[in-house]
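S.K.: Below are the structure tokens for one structure; questions will follow.
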Amino acid sequence: MTAATDPLVLVVDDEPQVRRFLRASLPHQGYRLIEAETGEQALRDASTRGPDAVLLDLGLPDMDGVEVTRRIREWSAVPIVVLSARGQEGDKIEALDAGADDYLTKPFGIGELLARLRVALRHANRAAGSEEPVFEHGDLRVDLSTQRVFSRGQEVRLTRTEYRLLALLVKHAGKVLTHRQLLKDVWGPGSVNESHYLRVYMGQLRHKLEEDPARPRHLVTEIGVGYRLKVD
């Protein structure tokens, strides 16, 4: 049984089997559900029902999921997790650039979905409150107030650009940031096509912060999309 205080999730998908799967799974994990089959219905429910998170399919019958994301972002910061069919990398990137927080590739397991939902809700709660000045995860510690970084108990010296890149990932910890978002925010709008900047600087950060740079535990690659600072 769910309680009135449990997070309310708006599921937007025109596939009955997906909605049925989520209807059978999420309430047992402490989530309340409302369902929409079209983009227009999703926009109405998002504005009138006040969901705590949105699970959004990109392939809707009346409207592209990217457009739904863009329109919700005009007035709401509710976490949006995109549900994407395989082979739609470009659509995933477009949705993330439009303001989605994360994406899952269909078919997906309930464990992965729950993890992504937890991260999205935690990020939203952190953004709504005062930002924590210190980020800690495993052997990584970043103090945003003093701009000091520690790995495995030792302070790590970063260049100005390395720190700006890491701080941006810390402020959005758990959320995938696209190449374009990272390039625009760290290097400026004129550098959004300079993807080699990211490869170079992410490599440098991994060598300074990861115990095994070839198998990073913190700074993970979302292939073809961007990067994420892992938090669980």
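Letters for chains follow the order of the structure tokens (A, B, ...), residue numbers begin at 1 for each chain, and ligand numbers begin at 1 in the order shown.
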Using only C-alpha atoms, I'd like a table of the residues in range 127-158 of chain A that come within 10 Å of range 215-227 of chain A; for each, show the closest atom pair and its distance in Å rounded to one decimal, ordered by chain and ascending number, as CSV.
M.R.:
```
residue,atom,partner,partner_atom,distance
A:His137,CA,A:His218,CA,8.1
A:Gly138,CA,A:His218,CA,8.6
A:Asp139,CA,A:His218,CA,9.3
A:Leu140,CA,A:His218,CA,8.0
```
S.K.: Excluding range 14-16 of chain A and its own-chain neighbours fewer than 4 positions away, which residues fall within 8 Å of it when counting only C-alpha atoms? Please give them as JSON, numbers by chain.
M.R.: {"A": [20, 36, 37, 38, 57, 60, 61]}
S.K.: Generate a file of the selected residues that holds N, CA and C atoms, formatted as a tab-separated table (two decimals), in the first residue's frame.
M.R.:
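File produced: result_21.tsv:
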```tsv
chain	number	residue	atom	x	y	z
A	20	ARG	N	1.79	-1.29	-17.57
A	20	ARG	CA	1.40	-2.41	-16.72
A	20	ARG	C	2.58	-2.85	-15.85
A	36	ALA	N	-0.30	8.66	-18.24
A	36	ALA	CA	-0.73	9.41	-19.40
A	36	ALA	C	-0.24	8.69	-20.65
A	37	GLU	N	-1.07	8.66	-21.68
A	37	GLU	CA	-0.72	7.97	-22.92
A	37	GLU	C	-0.28	8.92	-24.03
A	38	THR	N	-0.52	10.22	-23.85
A	38	THR	CA	-0.19	11.20	-24.88
A	38	THR	C	0.58	12.37	-24.27
A	57	ASP	N	8.29	8.57	-22.08
A	57	ASP	CA	8.65	7.90	-23.33
A	57	ASP	C	8.82	8.95	-24.42
A	60	LEU	N	5.75	9.23	-28.45
A	60	LEU	CA	4.33	9.37	-28.14
A	60	LEU	C	3.52	9.58	-29.42
A	61	PRO	N	2.23	9.24	-29.41
A	61	PRO	CA	1.45	9.28	-30.65
A	61	PRO	C	1.15	10.69	-31.15
```
S.K.: Would you pick out the contacts of Ala115 in chain A at 12 Å or less, using only C-alpha atoms, so that residues sharing its chain but fewer than 4 positions from it are not included, and give the list as a VMD selection string?
M.R.: chain A and resid 26 29 81 102 to 104 108 to 111 119 to 122 174 to 175 230 to 232
S.K.: Grab the residues selected above and save them as a tab-separated table (two decimals), in the first residue's frame with all heavy atoms.
M.R.:
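Output below, filename result39.tsv:
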```
chain	number	residue	atom	x	y	z
A	26	LEU	N	6.21	-0.25	-9.22
A	26	LEU	CA	6.56	0.94	-8.45
A	26	LEU	C	5.78	1.11	-7.14
A	26	LEU	O	6.37	1.52	-6.13
A	26	LEU	CB	6.41	2.19	-9.32
A	26	LEU	CG	7.45	2.33	-10.44
A	26	LEU	CD1	7.27	3.64	-11.18
A	26	LEU	CD2	8.87	2.21	-9.91
A	29	GLN	N	7.34	-0.30	-4.19
A	29	GLN	CA	8.60	0.33	-3.78
A	29	GLN	C	8.36	1.72	-3.18
A	29	GLN	O	9.30	2.50	-3.03
A	29	GLN	CB	9.53	0.44	-4.99
A	29	GLN	CG	9.85	-0.88	-5.66
A	29	GLN	CD	10.59	-1.83	-4.76
A	29	GLN	OE1	11.38	-1.40	-3.90
A	29	GLN	NE2	10.38	-3.13	-4.93
A	81	VAL	N	12.83	11.64	-16.24
A	81	VAL	CA	13.67	10.52	-16.68
A	81	VAL	C	13.07	9.99	-17.98
A	81	VAL	O	11.92	9.54	-18.01
A	81	VAL	CB	13.73	9.41	-15.62
A	81	VAL	CG1	14.56	8.23	-16.13
A	81	VAL	CG2	14.32	9.95	-14.31
A	102	ASP	N	17.71	12.45	-16.95
A	102	ASP	CA	18.36	11.16	-17.13
A	102	ASP	C	17.60	10.39	-18.19
A	102	ASP	O	16.57	10.84	-18.69
A	102	ASP	CB	18.35	10.37	-15.81
A	102	ASP	CG	19.48	9.36	-15.72
A	102	ASP	OD1	20.10	9.06	-16.76
A	102	ASP	OD2	19.73	8.85	-14.61
A	103	TYR	N	18.12	9.22	-18.55
A	103	TYR	CA	17.42	8.38	-19.52
A	103	TYR	C	17.66	6.92	-19.19
A	103	TYR	O	18.66	6.56	-18.57
A	103	TYR	CB	17.85	8.68	-20.95
A	103	TYR	CG	19.27	8.26	-21.26
A	103	TYR	CD1	19.57	6.95	-21.66
A	103	TYR	CD2	20.32	9.15	-21.14
A	103	TYR	CE1	20.86	6.55	-21.92
A	103	TYR	CE2	21.62	8.77	-21.40
A	103	TYR	CZ	21.88	7.47	-21.79
A	103	TYR	OH	23.17	7.08	-22.02
A	104	LEU	N	16.71	6.11	-19.58
A	104	LEU	CA	16.82	4.66	-19.48
A	104	LEU	C	16.53	4.09	-20.86
A	104	LEU	O	15.61	4.55	-21.54
A	104	LEU	CB	15.81	4.10	-18.48
A	104	LEU	CG	16.21	4.05	-17.02
A	104	LEU	CD1	15.00	3.70	-16.16
A	104	LEU	CD2	17.31	3.02	-16.81
A	108	PHE	N	14.33	-2.13	-19.72
A	108	PHE	CA	15.10	-1.82	-18.53
A	108	PHE	C	14.59	-2.64	-17.35
A	108	PHE	O	13.45	-3.11	-17.35
A	108	PHE	CB	15.01	-0.32	-18.19
A	108	PHE	CG	13.60	0.19	-18.14
A	108	PHE	CD1	12.82	0.04	-17.00
A	108	PHE	CD2	13.05	0.83	-19.24
A	108	PHE	CE1	11.52	0.51	-16.96
A	108	PHE	CE2	11.75	1.30	-19.21
A	108	PHE	CZ	10.97	1.14	-18.07
A	109	GLY	N	15.45	-2.84	-16.37
A	109	GLY	CA	15.07	-3.59	-15.17
A	109	GLY	C	14.57	-2.66	-14.09
A	109	GLY	O	14.93	-1.48	-14.05
A	110	ILE	N	13.76	-3.19	-13.21
A	110	ILE	CA	13.17	-2.36	-12.15
A	110	ILE	C	14.25	-1.83	-11.21
A	110	ILE	O	14.16	-0.70	-10.70
A	110	ILE	CB	12.09	-3.14	-11.36
A	110	ILE	CG1	11.34	-2.20	-10.42
A	110	ILE	CG2	12.69	-4.31	-10.62
A	110	ILE	CD1	10.59	-1.10	-11.11
A	111	GLY	N	15.31	-2.60	-10.98
A	111	GLY	CA	16.39	-2.14	-10.10
A	111	GLY	C	17.06	-0.90	-10.64
A	111	GLY	O	17.33	0.06	-9.89
A	119	VAL	N	18.08	8.88	-7.58
A	119	VAL	CA	19.07	9.91	-7.86
A	119	VAL	C	18.39	11.19	-8.34
A	119	VAL	O	18.73	12.30	-7.91
A	119	VAL	CB	20.09	9.42	-8.90
A	119	VAL	CG1	20.96	10.57	-9.40
A	119	VAL	CG2	20.98	8.33	-8.30
A	120	ALA	N	17.41	11.06	-9.25
A	120	ALA	CA	16.72	12.23	-9.78
A	120	ALA	C	15.98	12.98	-8.68
A	120	ALA	O	16.02	14.22	-8.61
A	120	ALA	CB	15.75	11.81	-10.89
A	121	LEU	N	15.32	12.25	-7.79
A	121	LEU	CA	14.59	12.89	-6.69
A	121	LEU	C	15.55	13.53	-5.69
A	121	LEU	O	15.29	14.63	-5.19
A	121	LEU	CB	13.70	11.87	-5.99
A	121	LEU	CG	12.47	11.41	-6.78
A	121	LEU	CD1	11.85	10.17	-6.14
A	121	LEU	CD2	11.44	12.54	-6.86
A	122	ARG	N	16.66	12.86	-5.44
A	122	ARG	CA	17.66	13.42	-4.51
A	122	ARG	C	18.26	14.70	-5.07
A	122	ARG	O	18.45	15.69	-4.36
A	122	ARG	CB	18.74	12.37	-4.24
A	122	ARG	CG	19.66	12.73	-3.09
A	122	ARG	CD	20.34	11.49	-2.53
A	122	ARG	NE	21.20	10.84	-3.49
A	122	ARG	CZ	21.07	9.56	-3.87
A	122	ARG	NH1	20.09	8.82	-3.37
A	122	ARG	NH2	21.90	9.03	-4.74
A	174	GLY	N	25.04	12.58	-10.13
A	174	GLY	CA	24.06	11.56	-10.44
A	174	GLY	C	23.33	11.80	-11.74
A	174	GLY	O	22.69	10.89	-12.27
A	175	LYS	N	23.42	13.00	-12.27
A	175	LYS	CA	22.71	13.36	-13.50
A	175	LYS	C	23.67	13.29	-14.68
A	175	LYS	O	24.81	13.73	-14.59
A	175	LYS	CB	22.14	14.78	-13.37
A	175	LYS	CG	21.46	15.29	-14.62
A	175	LYS	CD	20.87	16.68	-14.37
A	175	LYS	CE	20.26	17.25	-15.64
A	175	LYS	NZ	19.64	18.57	-15.41
A	230	LYS	N	29.06	9.61	-10.65
A	230	LYS	CA	28.26	8.54	-10.05
A	230	LYS	C	28.08	8.76	-8.57
A	230	LYS	O	29.02	9.14	-7.87
A	230	LYS	CB	28.92	7.20	-10.33
A	230	LYS	CG	27.99	6.01	-10.20
A	230	LYS	CD	28.65	4.75	-10.75
A	230	LYS	CE	27.70	3.58	-10.71
A	230	LYS	NZ	28.32	2.34	-11.21
A	231	VAL	N	26.86	8.50	-8.09
A	231	VAL	CA	26.60	8.67	-6.65
A	231	VAL	C	26.02	7.42	-6.01
A	231	VAL	O	25.79	7.39	-4.82
A	231	VAL	CB	25.65	9.87	-6.39
A	231	VAL	CG1	26.32	11.16	-6.74
A	231	VAL	CG2	24.34	9.71	-7.14
A	232	ASP	N	25.73	6.36	-6.77
A	232	ASP	CA	25.31	5.10	-6.16
A	232	ASP	C	25.63	3.95	-7.07
A	232	ASP	O	26.21	4.14	-8.12
A	232	ASP	CB	23.83	5.13	-5.78
A	232	ASP	CG	22.90	5.25	-6.97
A	232	ASP	OD1	23.40	5.35	-8.11
A	232	ASP	OD2	21.68	5.23	-6.74
```
S.K.: Among range 63-114 of chain A, which residues carry a DSSP assignment of helix (DSSP H, G or I), reported as a ChimeraX atom specification?
M.R.: /A:65-73,89-98,110-114
S.K.: Which residues come within 9 Å of range 152-162 of chain A, counting only C-alpha atoms, excluding same-chain residues fewer than 6 positions away, as an NGL selection string?
M.R.: :A and (138-141 or 186-187 or 201-202 or 204-205 or 208-209 or 211)
S.K.: Just want the 10 Å neighbourhood of Pro107 in chain A, counted on only C-alpha atoms, with same-chain residues fewer than 4 positions away dropped. Output as JSON, numbers by chain.
M.R.: {"A": [18, 83, 84, 85, 86]}
S.K.: How about saving the chosen residues, C-alpha atoms kept, as a PDB file, in the first residue's frame?
M.R.:
```pdb
ATOM      1  CA  VAL A  18       5.223  -0.726 -20.102  1.00  0.00           C
ATOM      2  CA  LEU A  83      12.435   6.135 -21.460  1.00  0.00           C
ATOM      3  CA  SER A  84      14.109   5.527 -24.811  1.00  0.00           C
ATOM      4  CA  ALA A  85      14.060   2.714 -27.345  1.00  0.00           C
ATOM      5  CA  ARG A  86      17.420   1.334 -28.409  1.00  0.00           C
TER       6      ARG A  86
END
```
S.K.: Between A:Leu165, A:Asp185, A:Leu114, A:Ile72, which one has atoms that come closest to Gly203 in chain A, using only C-alpha atoms?
M.R.: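 Checking each candidate against Gly203 in chain A, we get A:Leu165 as the closest.
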S.K.: Rank A:Leu22, A:Ala214, A:Val66, A:Val78 by their smallest atom-to-atom distance to His123 in chain A, using only C-alpha atoms, and report the top residue only.
M.R.: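 Using only C-alpha atoms, the shortest distance to His123 in chain A belongs to A:Val78.
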S.K.: Taking only range 9-197 of chain A into account, list the residues labelled strand (DSSP E) by DSSP (computed from the backbone), as a PyMOL selection string.
M.R.: chain A and resi 9-12+32-36+53-57+80-84+102-105+134-137+140-143+148-151+154-156+177-178
S.K.: Any idea what's packed within 12 Å of Ala77 in chain A, counting only C-alpha atoms, ignoring anything in its chain fewer than 6 positions away? Could you give it as a list of chain:residue names?
M.R.: A:Ala46, A:Ser47, A:Gly50, A:Pro51, A:Asp52, A:Ala53, A:Val54, A:Thr69, A:Arg70, A:Arg71, A:Ala98, A:Gly99, A:Ala100, A:Asp101, A:Ala120, A:Leu121, A:His123, A:Ala124, A:Asn125, A:Ala127, A:Ala128
S.K.: Please identify all polymer residues within 10 Å of Val142 in chain A, counting only C-alpha atoms, omitting same-chain residues fewer than 3 positions from it, and present them as a list in words.
M.R.: Pro133, Val134, Phe135, Glu136, His137, Ser145, Thr146, Gln147, Arg148, Val149, Phe150, Ser151, Glu155, Val156, Tyr163, Leu166, Ala167 and Val170 of chain A
S.K.: How far is it from CA of Glu210 in chain A to CA of Asp97 in chain A, in Å with one decimal?
M.R.: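 Result for CA of Glu210 in chain A versus CA of Asp97 in chain A: 27.4 Å, one decimal.
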